[in-house]
file upload-v4.cif (mmCIF, C-alpha atoms)
data_input
#
loop_
_atom_site.label_atom_id
_atom_site.label_comp_id
_atom_site.auth_asym_id
_atom_site.auth_seq_id
_atom_site.Cartn_x
_atom_site.Cartn_y
_atom_site.Cartn_z
CA MET A 20 111.08 78.00 84.04
CA LYS A 21 113.23 81.02 83.42
CA GLU A 22 115.53 81.83 86.28
CA PRO A 23 116.10 85.53 86.87
CA ARG A 24 119.79 86.32 87.07
CA ASN A 25 119.52 89.58 88.89
CA PRO A 26 116.64 89.85 91.37
CA GLU A 27 116.65 93.64 91.10
CA THR A 28 116.33 93.81 87.32
CA ASP A 29 114.29 90.65 86.86
CA LEU A 30 111.91 91.57 89.62
CA PRO A 31 108.65 91.10 87.66
CA VAL A 32 109.72 87.59 86.65
CA LEU A 33 110.74 86.77 90.20
CA ILE A 34 107.47 88.09 91.62
CA ARG A 35 105.45 86.12 89.06
CA GLN A 36 107.33 82.93 89.89
CA ALA A 37 107.02 83.45 93.64
CA ARG A 38 103.34 84.27 93.26
CA GLY A 39 102.94 81.03 91.36
CA GLY A 40 104.19 79.10 94.36
CA ASP A 41 107.85 78.63 93.43
CA PRO A 42 109.67 78.47 96.78
CA ALA A 43 113.07 79.01 95.19
CA ALA A 44 111.85 82.23 93.59
CA PHE A 45 110.46 83.41 96.88
CA GLU A 46 113.76 82.66 98.57
CA ARG A 47 115.61 84.69 95.95
CA LEU A 48 113.18 87.52 96.34
CA ALA A 49 113.58 87.39 100.11
CA GLY A 50 117.35 87.22 99.70
CA ALA A 51 117.35 90.34 97.56
CA TYR A 52 115.39 92.42 100.03
CA ARG A 53 115.70 90.89 103.49
CA ASP A 54 118.67 92.96 104.66
CA ARG A 55 116.92 96.13 103.55
CA MET A 56 113.74 94.98 105.27
CA TYR A 57 115.69 94.34 108.44
CA ARG A 58 117.25 97.78 108.32
CA TRP A 59 113.88 99.45 107.83
CA ALA A 60 112.49 97.43 110.71
CA LEU A 61 115.48 98.26 112.90
CA VAL A 62 115.17 101.96 112.19
CA ARG A 63 111.43 101.77 112.79
CA THR A 64 111.59 99.82 116.05
CA GLY A 65 115.00 100.83 117.40
CA ASP A 66 115.42 97.30 118.71
CA GLU A 67 117.37 94.41 117.23
CA ASP A 68 115.07 91.64 118.43
CA ASP A 69 111.95 93.46 117.33
CA ALA A 70 113.57 94.11 113.97
CA GLU A 71 114.28 90.40 113.57
CA ASP A 72 110.69 89.50 114.41
CA ALA A 73 109.29 92.24 112.23
CA THR A 74 111.41 91.15 109.29
CA GLN A 75 110.16 87.59 109.60
CA GLU A 76 106.58 88.74 109.94
CA ALA A 77 107.05 90.95 106.90
CA LEU A 78 108.35 87.96 104.92
CA VAL A 79 105.17 86.08 105.77
CA ARG A 80 103.07 89.04 104.67
CA LEU A 81 105.17 89.40 101.56
CA HIS A 82 104.44 85.80 100.65
CA ARG A 83 100.74 86.16 101.37
CA GLY A 84 100.43 89.57 99.75
CA LEU A 85 102.41 89.14 96.56
CA GLY A 86 99.15 88.62 94.71
CA LYS A 87 97.99 92.02 95.86
CA PHE A 88 101.01 93.83 94.49
CA ASP A 89 99.64 95.27 91.28
CA GLY A 90 102.82 96.96 90.10
CA ARG A 91 101.30 100.43 90.15
CA SER A 92 103.67 101.54 92.88
CA ARG A 93 107.35 100.70 93.07
CA PHE A 94 107.91 97.31 94.65
CA GLU A 95 110.22 98.83 97.24
CA THR A 96 107.62 101.42 98.20
CA TRP A 97 105.02 98.69 98.62
CA LEU A 98 107.43 96.51 100.56
CA TYR A 99 108.38 99.39 102.83
CA ALA A 100 104.72 99.71 103.83
CA VAL A 101 104.57 95.97 104.51
CA VAL A 102 107.61 96.18 106.79
CA ARG A 103 106.33 99.23 108.65
CA SER A 104 103.01 97.57 109.28
CA ALA A 105 104.68 94.38 110.49
CA ALA A 106 107.04 96.39 112.72
CA ALA A 107 104.14 98.30 114.24
CA ASP A 108 102.28 95.06 114.96
CA VAL A 109 105.33 93.44 116.51
CA ARG A 110 105.87 96.43 118.75
CA ARG A 111 102.22 96.47 119.71
CA SER A 112 102.08 92.77 120.45
CA LYS A 113 105.15 92.87 122.63
CA GLY A 114 104.09 96.03 124.40
CA LYS A 115 107.62 97.29 124.54
CA THR A 116 108.90 100.80 124.78
CA LEU A 117 111.62 102.06 122.51
CA ARG A 118 114.98 101.10 123.77
CA LEU A 119 118.40 100.08 122.64
CA ARG A 120 119.83 97.07 124.37
CA GLU A 121 123.31 97.21 125.67
CA ARG A 122 124.18 93.93 124.04
CA PHE A 123 123.27 95.33 120.65
CA VAL A 124 125.90 97.99 120.93
CA ALA A 125 128.30 95.60 122.62
CA ARG A 126 127.86 93.11 119.81
CA ARG A 127 128.45 95.73 117.16
CA ALA A 128 131.53 96.99 118.93
CA GLY A 129 132.70 93.40 119.46
CA GLU A 130 132.25 92.55 115.81
CA ALA A 131 134.06 95.68 114.77
CA ALA A 132 136.98 94.75 116.99
CA ALA A 133 137.03 91.07 116.05
CA GLU A 134 136.54 91.42 112.32
CA PRO A 135 137.94 94.66 111.00
CA HIS A 136 135.44 95.97 108.48
CA PRO A 137 136.38 98.47 105.81
CA VAL A 138 133.50 100.61 106.99
CA VAL A 139 134.70 100.94 110.54
CA ASP A 140 138.44 100.64 110.18
CA GLY A 141 140.10 103.49 111.94
CA LEU A 142 136.99 104.45 113.76
CA GLU A 143 137.12 103.69 117.45
CA SER A 144 134.39 101.34 118.61
CA GLN A 145 133.22 103.81 121.22
CA ARG A 146 132.53 106.35 118.52
CA ILE A 147 130.44 103.85 116.53
CA GLU A 148 128.64 102.90 119.70
CA SER A 149 127.84 106.52 120.37
CA LEU A 150 126.65 107.13 116.82
CA VAL A 151 124.34 104.15 116.69
CA ARG A 152 123.09 104.79 120.20
CA VAL A 153 122.24 108.40 119.50
CA PHE A 154 120.53 107.51 116.25
CA LEU A 155 118.43 104.61 117.50
CA ASP A 156 117.92 105.73 121.06
CA SER A 157 117.50 109.48 120.92
CA LEU A 158 115.33 110.09 117.90
CA PRO A 159 111.61 109.43 117.59
CA ALA A 160 110.81 106.67 115.09
CA ARG A 161 109.49 109.02 112.41
CA GLN A 162 112.61 111.20 112.57
CA ARG A 163 114.84 108.14 112.38
CA GLU A 164 112.98 106.91 109.33
CA ALA A 165 113.13 110.29 107.61
CA MET A 166 116.85 110.67 108.19
CA ASP A 167 117.63 107.08 107.30
CA LEU A 168 115.72 107.24 104.03
CA VAL A 169 116.87 110.64 102.82
CA ASP A 170 120.28 111.31 104.33
CA LEU A 171 121.61 107.81 104.83
CA GLN A 172 120.04 105.83 101.98
CA GLY A 173 119.72 108.65 99.47
CA VAL A 174 116.00 108.22 98.77
CA GLU A 175 114.44 111.28 97.12
CA GLN A 176 112.37 113.38 99.52
CA VAL A 177 109.14 112.95 97.56
CA GLU A 178 109.53 109.18 97.56
CA ALA A 179 110.45 109.19 101.26
CA ALA A 180 107.35 111.26 102.07
CA THR A 181 105.22 108.76 100.13
CA ARG A 182 106.69 105.84 102.01
CA LEU A 183 106.11 107.49 105.36
CA GLY A 184 102.65 108.67 104.43
CA VAL A 185 103.37 112.32 105.16
CA SER A 186 103.57 115.49 103.10
CA PRO A 187 106.98 116.60 101.82
CA ALA A 188 106.79 119.57 104.20
CA THR A 189 106.23 117.28 107.18
CA LEU A 190 109.04 115.05 106.01
CA ARG A 191 111.39 118.03 105.92
CA THR A 192 110.38 118.96 109.46
CA HIS A 193 111.23 115.44 110.68
CA LEU A 194 114.44 115.53 108.70
CA PHE A 195 115.61 118.88 110.09
CA ARG A 196 114.84 117.83 113.65
CA ALA A 197 116.71 114.57 113.21
CA ARG A 198 119.72 116.31 111.71
CA ARG A 199 119.77 118.84 114.51
CA THR A 200 119.75 116.16 117.17
CA ILE A 201 122.39 113.99 115.56
CA ARG A 202 124.73 116.79 114.50
CA ALA A 203 124.40 118.61 117.81
CA ARG A 204 125.54 115.44 119.55
CA LEU A 205 128.39 115.03 117.11
CA LEU A 206 129.48 118.63 117.42
CA ALA A 207 129.19 118.49 121.19
CA VAL A 208 131.99 115.94 121.28
CA GLU A 209 134.11 117.86 118.81
CA PRO A 210 136.83 119.52 120.86
CA GLY A 211 136.97 123.25 120.54
CA ILE A 212 134.12 124.12 118.23
CA LYS A 213 131.75 125.00 121.03
CA GLU A 214 134.17 127.62 122.25
CA MET A 215 134.62 129.28 118.92
CA GLY A 216 133.35 132.84 118.71
CA MET B 27 129.13 134.91 110.00
CA ASN B 28 131.13 133.64 112.95
CA CYS B 29 131.80 130.03 113.87
CA ARG B 30 128.93 129.81 116.33
CA GLU B 31 126.44 131.03 113.76
CA PHE B 32 127.94 128.65 111.24
CA GLN B 33 127.56 125.77 113.65
CA GLU B 34 123.92 126.63 114.19
CA ARG B 35 123.25 126.56 110.44
CA LEU B 36 125.33 123.43 110.01
CA LEU B 37 122.79 121.50 112.06
CA GLU B 38 120.20 121.50 109.29
CA VAL B 39 121.94 121.79 105.94
CA ASP B 40 121.42 119.01 103.40
CA PRO B 41 124.47 116.73 103.58
CA LEU B 42 124.59 116.52 99.79
CA VAL B 43 124.95 120.26 99.55
CA LEU B 44 127.64 120.17 102.22
CA ALA B 45 129.47 117.41 100.38
CA ALA B 46 129.30 119.36 97.14
CA ALA B 47 130.54 122.50 98.88
CA LEU B 48 133.48 120.55 100.22
CA GLY B 49 134.18 119.14 96.80
CA GLN B 50 133.38 115.60 97.90
CA ARG B 51 131.62 113.12 95.68
CA ALA B 52 127.95 112.82 96.50
CA ASP B 53 125.67 109.91 95.64
CA ARG B 54 123.21 112.19 93.98
CA ALA B 55 124.11 114.93 91.57
CA VAL B 56 124.51 118.15 93.46
CA ARG B 57 126.92 120.13 91.38
CA ARG B 58 129.33 122.51 92.94
CA ALA B 59 127.72 125.23 90.87
CA ASP B 60 124.42 124.55 92.70
CA VAL B 61 125.95 125.35 96.08
CA PRO B 62 124.47 128.64 97.27
CA GLN B 63 126.78 131.62 97.44
CA ASP B 64 125.87 132.83 100.90
CA ALA B 65 127.52 133.69 104.20
CA PHE B 66 127.35 130.10 105.39
CA HIS B 67 129.23 128.76 102.39
CA ASP B 68 131.63 131.67 102.41
CA HIS B 69 132.49 130.79 106.00
CA LEU B 70 132.85 127.13 105.07
CA ARG B 71 135.34 128.09 102.37
CA THR B 72 137.39 130.40 104.51
CA CYS B 73 137.37 128.87 108.02
CA SER B 74 139.55 125.80 108.17
CA PHE B 75 138.29 124.88 111.64
CA CYS B 76 134.64 124.83 110.60
CA ARG B 77 135.54 123.09 107.38
CA GLU B 78 137.21 120.36 109.39
CA ALA B 79 134.21 120.09 111.70
CA THR B 80 131.89 119.81 108.71
CA GLU B 81 134.04 117.09 107.18
CA ARG B 82 133.91 115.23 110.46
CA VAL B 83 130.13 115.50 110.64
CA LEU B 84 129.78 114.14 107.12
CA ALA B 85 132.24 111.35 107.80
CA ASP B 86 130.35 110.36 110.94
CA GLN B 87 127.13 110.29 108.99
CA GLU B 88 128.70 107.99 106.44
CA HIS B 89 129.91 105.72 109.22
CA LEU B 90 126.41 105.65 110.64
CA ALA B 91 124.93 104.77 107.25
CA ALA B 92 127.51 102.05 106.71
CA SER B 93 127.00 100.62 110.20
CA LEU B 94 123.25 100.35 109.64
CA ALA B 95 123.76 98.85 106.19
CA ALA B 96 126.10 96.24 107.67
CA MET B 97 123.39 95.05 110.03
CA GLY B 98 121.28 92.08 109.07
CA PRO B 99 118.96 89.47 110.49
CA ALA B 100 120.57 86.61 112.38
CA ARG B 101 118.33 83.86 110.99
CA PRO B 102 119.70 82.12 107.89
CA LEU B 103 117.90 83.14 104.71
CA GLU B 104 116.86 79.66 103.62
CA GLU B 105 115.36 78.91 107.01
CA ALA B 106 113.60 82.27 107.18
CA ALA B 107 112.13 81.94 103.70
CA SER B 108 110.80 78.43 104.20
CA ALA B 109 109.40 79.38 107.63
CA ALA B 110 107.63 82.32 106.01
CA ILE B 111 106.12 80.09 103.32
CA ARG B 112 104.95 77.58 105.94
CA GLU B 113 103.43 80.27 108.13
CA SER B 114 101.77 81.88 105.13
CA ALA B 115 100.16 78.55 104.19
CA ARG B 116 99.08 77.94 107.78
CA ARG B 117 97.38 81.32 108.00
CA ARG B 118 95.68 80.78 104.67
CA SER B 119 94.22 77.46 105.78
CA ARG B 120 93.24 78.88 109.16
CA LEU B 121 91.44 81.70 107.43
CA ARG B 122 89.53 79.20 105.29
CA TRP B 123 88.64 77.11 108.33
CA THR B 124 87.49 80.17 110.27
CA SER B 125 85.35 81.31 107.35
CA TRP B 126 83.67 77.93 107.14
CA THR B 127 83.12 77.91 110.89
CA ALA B 128 81.71 81.40 110.81
CA ALA B 129 79.36 80.54 108.00
CA ALA B 130 78.25 77.33 109.69
CA ALA B 131 77.71 79.09 113.01
CA ALA B 132 75.71 81.82 111.39
CA VAL B 133 73.51 79.38 109.50
CA THR B 134 72.96 77.26 112.60
CA GLY B 135 72.11 80.31 114.68
CA VAL B 136 69.63 81.65 112.17
CA MET B 137 67.99 78.27 111.72
CA ALA B 138 67.70 77.78 115.46
CA LEU B 139 66.17 81.19 115.98
CA ARG B 140 63.69 80.71 113.17
CA ALA B 141 62.77 77.26 114.46
CA MET B 142 62.12 78.60 117.93
CA ASP B 143 60.13 81.54 116.64
CA LEU B 144 58.02 79.23 114.50
CA GLY B 145 57.56 76.80 117.33
CA GLU B 146 58.71 73.89 115.22
CA GLY B 147 60.52 72.30 118.11
CA PHE B 148 63.85 72.49 116.34
CA ALA B 149 66.49 73.34 118.86
CA PRO B 150 70.02 71.98 118.76
CA GLU B 151 71.48 70.79 121.99
CA THR B 152 73.76 73.76 122.35
CA ILE B 153 70.91 76.18 122.03
CA GLU B 154 68.92 74.32 124.67
CA VAL B 155 71.79 74.68 127.09
CA ALA B 156 72.14 78.33 126.29
CA ALA B 157 68.43 78.92 126.61
CA ALA B 158 68.29 77.20 129.97
CA THR B 159 71.14 79.28 131.29
CA ALA B 160 69.79 82.53 129.98
CA GLY B 161 66.40 81.71 131.44
CA ALA B 162 67.97 81.70 134.86
CA GLN B 163 68.84 85.40 134.36
CA LEU B 164 72.52 84.68 134.67
CA MET B 165 75.18 85.20 132.06
CA PRO B 166 77.31 82.09 132.20
CA GLU B 167 81.07 82.25 132.24
CA VAL B 168 82.39 80.58 129.13
CA GLU B 169 85.97 79.56 128.70
CA ALA B 170 87.42 78.59 125.35
CA MET B 171 89.95 75.84 124.86
CA LEU B 172 93.58 76.71 124.30
CA ASP B 173 94.06 78.40 120.92
CA GLU B 174 90.34 78.92 120.62
CA SER B 175 88.16 81.91 121.26
CA VAL B 176 84.53 82.18 122.17
CA LEU B 177 82.02 84.83 121.30
CA VAL B 178 78.79 85.15 123.32
CA LEU B 179 75.94 86.68 121.36
CA GLU B 180 72.78 87.84 123.06
CA THR B 181 69.70 87.80 120.84
CA ASP B 182 66.34 89.54 120.81
CA ASN B 183 64.91 86.40 122.31
CA GLU B 184 65.86 86.52 125.99
CA ASN B 185 65.79 82.73 126.11
CA VAL B 186 68.48 82.41 123.48
CA VAL B 187 72.18 83.16 123.79
CA VAL B 188 74.55 81.97 121.06
CA PHE B 189 78.01 80.72 121.99
CA TRP B 190 80.37 80.77 119.05
CA PHE B 191 83.60 78.85 119.50
CA TYR B 192 86.21 79.34 116.84
CA GLN B 193 89.86 78.56 116.29
CA GLY B 194 92.42 81.26 116.89
CA ARG B 195 93.05 83.89 119.49
CA GLY B 196 90.92 86.59 117.96
CA GLU B 197 93.85 88.15 116.05
#
call {"tool": "encode", "arguments": {"input": "upload-v4.cif", "output": "structure tokens"}}
result
Amino acid sequence: MKEPRNPETDLPVLIRQARGGDPAAFERLAGAYRDRMYRWALVRTGDEDDAEDATQEALVRLHRGLGKFDGRSRFETWLYAVVRSAAADVRRSKGKTLRLRERFVARRAGEAAAEPHPVVDGLESQRIESLVRVFLDSLPARQREAMDLVDLQGVEQVEAATRLGVSPATLRTHLFRARRTIRARLLAVEPGIKEMG
Amino acid sequence: MNCREFQERLLEVDPLVLAAALGQRADRAVRRADVPQDAFHDHLRTCSFCREATERVLADQEHLAASLAAMGPARPLEEAASAAIRESARRRSRLRWTSWTAAAAAVTGVMALRAMDLGEGFAPETIEVAAATAGAQLMPEVEAMLDESVLVLETDNENVVVFWFYQGRGE
């Protein structure tokens, strides 16, 4: 059996193998997309534990639903819908309200302090904490998703609107509101700019 | 445009356009030539304070994107993948079992009803119990076993109530 070297470029082969019951192919497929799935779930739910559960549930649905993926849409678009659905079900089943747990932020800050990461070097942990908290805690889920897809992940607006099941105009509305909230918070802590005439 | 007005506009502008206006590299192609020549961008070019604030906003956004990208599930991949395959197989077999049960229950129910209507004396034990209870004008309380569910179906025949036990929690 041919082994795909790059899961991204050999996706059709990988899907065919996984669909045929090859566990190693499914693991590679999961490995290629699981972090992305987790991020989508995290942005959707705003909660680390829920994101973990939703990612696992989405993996189950991915395995069960691979046969239904007909290739007419992009795999990532299809997978995004799978993750959103799983995240919604996890939230519903747990009956939780949106929240950000303190330990989530504490863990992130702790990791940043313990293992200097190129991404966060030079950025004080409190500032990261504030950024993540504002993003996950202050924005409605749809606004978070819009901003994450378009501004943070660089997905085209038309594709992002398709994934979220809204019109491009509605997407832009969510996007503008999200930007306003985030940037207003950022600017509010910028010394001086508020006082400028 | 003054700084306050600039700040108000800054809240909504596409970060790629901002990055291009600042001469920074953007992930997607927004050429510097595409940056609008308006009061906002004039102010951005001429006010060092607002330029610095804009750079800070963009940098923070990049940090946010990188922080989210650095996140990942705690469960090891191999374990998660094999658990997903197992759960997928379990659900598939449960679905098959439930379908068989549903079909069997439906067939049994129909046969029982027809038998009673035709007076052929065919009545499974479960139907007799149900009929006796219904005849007393009381709806019995039925409790399913753990991990099972029960469906109580009233019929046109007031002497017949169908109890349908099936595996699963009605998900």
call {"tool": "closest_atom_pairs", "arguments": {"input": "upload-v4.cif", "of": "chain B", "to": "chain A", "cutoff": "9 Å", "atoms": "only C-alpha atoms", "output": "JSON lines"}}
result
{"residue": "B:Asn28", "atom": "CA", "partner": "A:Gly216", "partner_atom": "CA", "distance": 6.2}
{"residue": "B:Cys29", "atom": "CA", "partner": "A:Gly216", "partner_atom": "CA", "distance": 5.8}
{"residue": "B:Arg30", "atom": "CA", "partner": "A:Gly216", "partner_atom": "CA", "distance": 5.9}
{"residue": "B:Glu31", "atom": "CA", "partner": "A:Gly216", "partner_atom": "CA", "distance": 8.7}
{"residue": "B:Gln33", "atom": "CA", "partner": "A:Ile212", "partner_atom": "CA", "distance": 8.2}
{"residue": "B:Glu34", "atom": "CA", "partner": "A:Ala203", "partner_atom": "CA", "distance": 8.8}
{"residue": "B:Leu36", "atom": "CA", "partner": "A:Arg202", "partner_atom": "CA", "distance": 8.0}
{"residue": "B:Leu37", "atom": "CA", "partner": "A:Arg199", "partner_atom": "CA", "distance": 4.7}
{"residue": "B:Glu38", "atom": "CA", "partner": "A:Phe195", "partner_atom": "CA", "distance": 5.3}
{"residue": "B:Val39", "atom": "CA", "partner": "A:Phe195", "partner_atom": "CA", "distance": 8.1}
{"residue": "B:Asp40", "atom": "CA", "partner": "A:Asp170", "partner_atom": "CA", "distance": 7.8}
{"residue": "B:Pro41", "atom": "CA", "partner": "A:Asp170", "partner_atom": "CA", "distance": 6.9}
{"residue": "B:Leu42", "atom": "CA", "partner": "A:Asp170", "partner_atom": "CA", "distance": 8.1}
{"residue": "B:Asp53", "atom": "CA", "partner": "A:Gly173", "partner_atom": "CA", "distance": 7.2}
{"residue": "B:Arg54", "atom": "CA", "partner": "A:Gly173", "partner_atom": "CA", "distance": 7.4}
{"residue": "B:Phe75", "atom": "CA", "partner": "A:Ile212", "partner_atom": "CA", "distance": 7.8}
{"residue": "B:Cys76", "atom": "CA", "partner": "A:Ile212", "partner_atom": "CA", "distance": 7.7}
{"residue": "B:Ala79", "atom": "CA", "partner": "A:Glu209", "partner_atom": "CA", "distance": 7.5}
{"residue": "B:Arg82", "atom": "CA", "partner": "A:Leu205", "partner_atom": "CA", "distance": 8.6}
{"residue": "B:Val83", "atom": "CA", "partner": "A:Leu205", "partner_atom": "CA", "distance": 6.7}
{"residue": "B:Asp86", "atom": "CA", "partner": "A:Leu150", "partner_atom": "CA", "distance": 7.7}
{"residue": "B:Gln87", "atom": "CA", "partner": "A:Leu171", "partner_atom": "CA", "distance": 7.3}
{"residue": "B:Glu88", "atom": "CA", "partner": "A:Leu171", "partner_atom": "CA", "distance": 7.3}
{"residue": "B:His89", "atom": "CA", "partner": "A:Val138", "partner_atom": "CA", "distance": 6.6}
{"residue": "B:Leu90", "atom": "CA", "partner": "A:Leu150", "partner_atom": "CA", "distance": 6.4}
{"residue": "B:Ala91", "atom": "CA", "partner": "A:Leu171", "partner_atom": "CA", "distance": 5.1}
{"residue": "B:Ala92", "atom": "CA", "partner": "A:Val138", "partner_atom": "CA", "distance": 6.2}
{"residue": "B:Ser93", "atom": "CA", "partner": "A:Val138", "partner_atom": "CA", "distance": 7.2}
{"residue": "B:Leu94", "atom": "CA", "partner": "A:Arg58", "partner_atom": "CA", "distance": 6.7}
{"residue": "B:Ala95", "atom": "CA", "partner": "A:Arg58", "partner_atom": "CA", "distance": 6.9}
{"residue": "B:Ala96", "atom": "CA", "partner": "A:Val138", "partner_atom": "CA", "distance": 8.6}
{"residue": "B:Met97", "atom": "CA", "partner": "A:Arg58", "partner_atom": "CA", "distance": 6.9}
{"residue": "B:Gly98", "atom": "CA", "partner": "A:Asp54", "partner_atom": "CA", "distance": 5.2}
{"residue": "B:Pro99", "atom": "CA", "partner": "A:Glu71", "partner_atom": "CA", "distance": 5.7}
{"residue": "B:Ala100", "atom": "CA", "partner": "A:Glu71", "partner_atom": "CA", "distance": 7.4}
{"residue": "B:Arg101", "atom": "CA", "partner": "A:Glu71", "partner_atom": "CA", "distance": 8.1}
{"residue": "B:Leu103", "atom": "CA", "partner": "A:Gly50", "partner_atom": "CA", "distance": 6.5}
{"residue": "B:Glu104", "atom": "CA", "partner": "A:Glu46", "partner_atom": "CA", "distance": 6.6}
{"residue": "B:Ala106", "atom": "CA", "partner": "A:Gln75", "partner_atom": "CA", "distance": 6.8}
{"residue": "B:Ala107", "atom": "CA", "partner": "A:Glu46", "partner_atom": "CA", "distance": 5.4}
{"residue": "B:Ser108", "atom": "CA", "partner": "A:Pro42", "partner_atom": "CA", "distance": 7.5}
{"residue": "B:Ala109", "atom": "CA", "partner": "A:Val79", "partner_atom": "CA", "distance": 8.1}
{"residue": "B:Ala110", "atom": "CA", "partner": "A:Val79", "partner_atom": "CA", "distance": 4.5}
{"residue": "B:Ile111", "atom": "CA", "partner": "A:His82", "partner_atom": "CA", "distance": 6.5}
{"residue": "B:Arg112", "atom": "CA", "partner": "A:Val79", "partner_atom": "CA", "distance": 8.5}
{"residue": "B:Glu113", "atom": "CA", "partner": "A:Val79", "partner_atom": "CA", "distance": 6.5}
{"residue": "B:Ser114", "atom": "CA", "partner": "A:Val79", "partner_atom": "CA", "distance": 5.4}
{"residue": "B:Ala115", "atom": "CA", "partner": "A:Arg83", "partner_atom": "CA", "distance": 8.1}
{"residue": "B:Arg117", "atom": "CA", "partner": "A:Arg83", "partner_atom": "CA", "distance": 8.9}
{"residue": "B:Arg118", "atom": "CA", "partner": "A:Arg83", "partner_atom": "CA", "distance": 8.1}
call {"tool": "atom_distance", "arguments": {"input": "upload-v4.cif", "atom1": "atom CA of B:Ala131", "atom2": "atom CA of B:Leu177"}}
result
11.0 Å
call {"tool": "atom_distance", "arguments": {"input": "upload-v4.cif", "atom1": "atom CA of B:Val178", "atom2": "atom CA of B:Gly135"}}
result
11.9 Å
call {"tool": "atom_distance", "arguments": {"input": "upload-v4.cif", "atom1": "atom CA of A:Ala73", "atom2": "atom CA of A:Val102"}}
result
6.9 Å
call {"tool": "closest_residue", "arguments": {"input": "upload-v4.cif", "among": "A:Asp69, A:Gly39, A:Thr181, A:Tyr52", "to": "A:Ser92", "atoms": "all atoms listed in the file"}}
result
A:Thr181
call {"tool": "closest_residue", "arguments": {"input": "upload-v4.cif", "among": "B:Glu81, B:Ser74, B:Ala130, B:Ala65", "to": "B:Arg35", "atoms": "only C-alpha atoms"}}
result
B:Ala65
call {"tool": "decode", "arguments": {"input": "upload-v4.cif", "residues": "stretch 54-70 of chain A", "atoms": "C-alpha atoms", "output": "PDB file, in the first residue's frame"}}
result
ATOM      1  CA  ASP A  54      -4.143  20.638  16.235  1.00  0.00           C
ATOM      2  CA  ARG A  55      -6.203  22.680  13.801  1.00  0.00           C
ATOM      3  CA  MET A  56      -9.342  20.877  14.926  1.00  0.00           C
ATOM      4  CA  TYR A  57      -8.480  21.643  18.525  1.00  0.00           C
ATOM      5  CA  ARG A  58      -7.960  25.306  17.753  1.00  0.00           C
ATOM      6  CA  TRP A  59     -11.286  25.536  15.939  1.00  0.00           C
ATOM      7  CA  ALA A  60     -12.970  23.814  18.855  1.00  0.00           C
ATOM      8  CA  LEU A  61     -11.235  26.079  21.361  1.00  0.00           C
ATOM      9  CA  VAL A  62     -12.274  29.191  19.493  1.00  0.00           C
ATOM     10  CA  ARG A  63     -15.797  27.837  19.164  1.00  0.00           C
ATOM     11  CA  THR A  64     -16.231  26.790  22.799  1.00  0.00           C
ATOM     12  CA  GLY A  65     -13.878  29.190  24.578  1.00  0.00           C
ATOM     13  CA  ASP A  66     -12.992  26.400  26.971  1.00  0.00           C
ATOM     14  CA  GLU A  67      -9.957  24.139  26.995  1.00  0.00           C
ATOM     15  CA  ASP A  68     -11.687  21.049  28.372  1.00  0.00           C
ATOM     16  CA  ASP A  69     -14.612  21.385  26.014  1.00  0.00           C
ATOM     17  CA  ALA A  70     -12.198  21.843  23.141  1.00  0.00           C
TER      18      ALA A  70
END
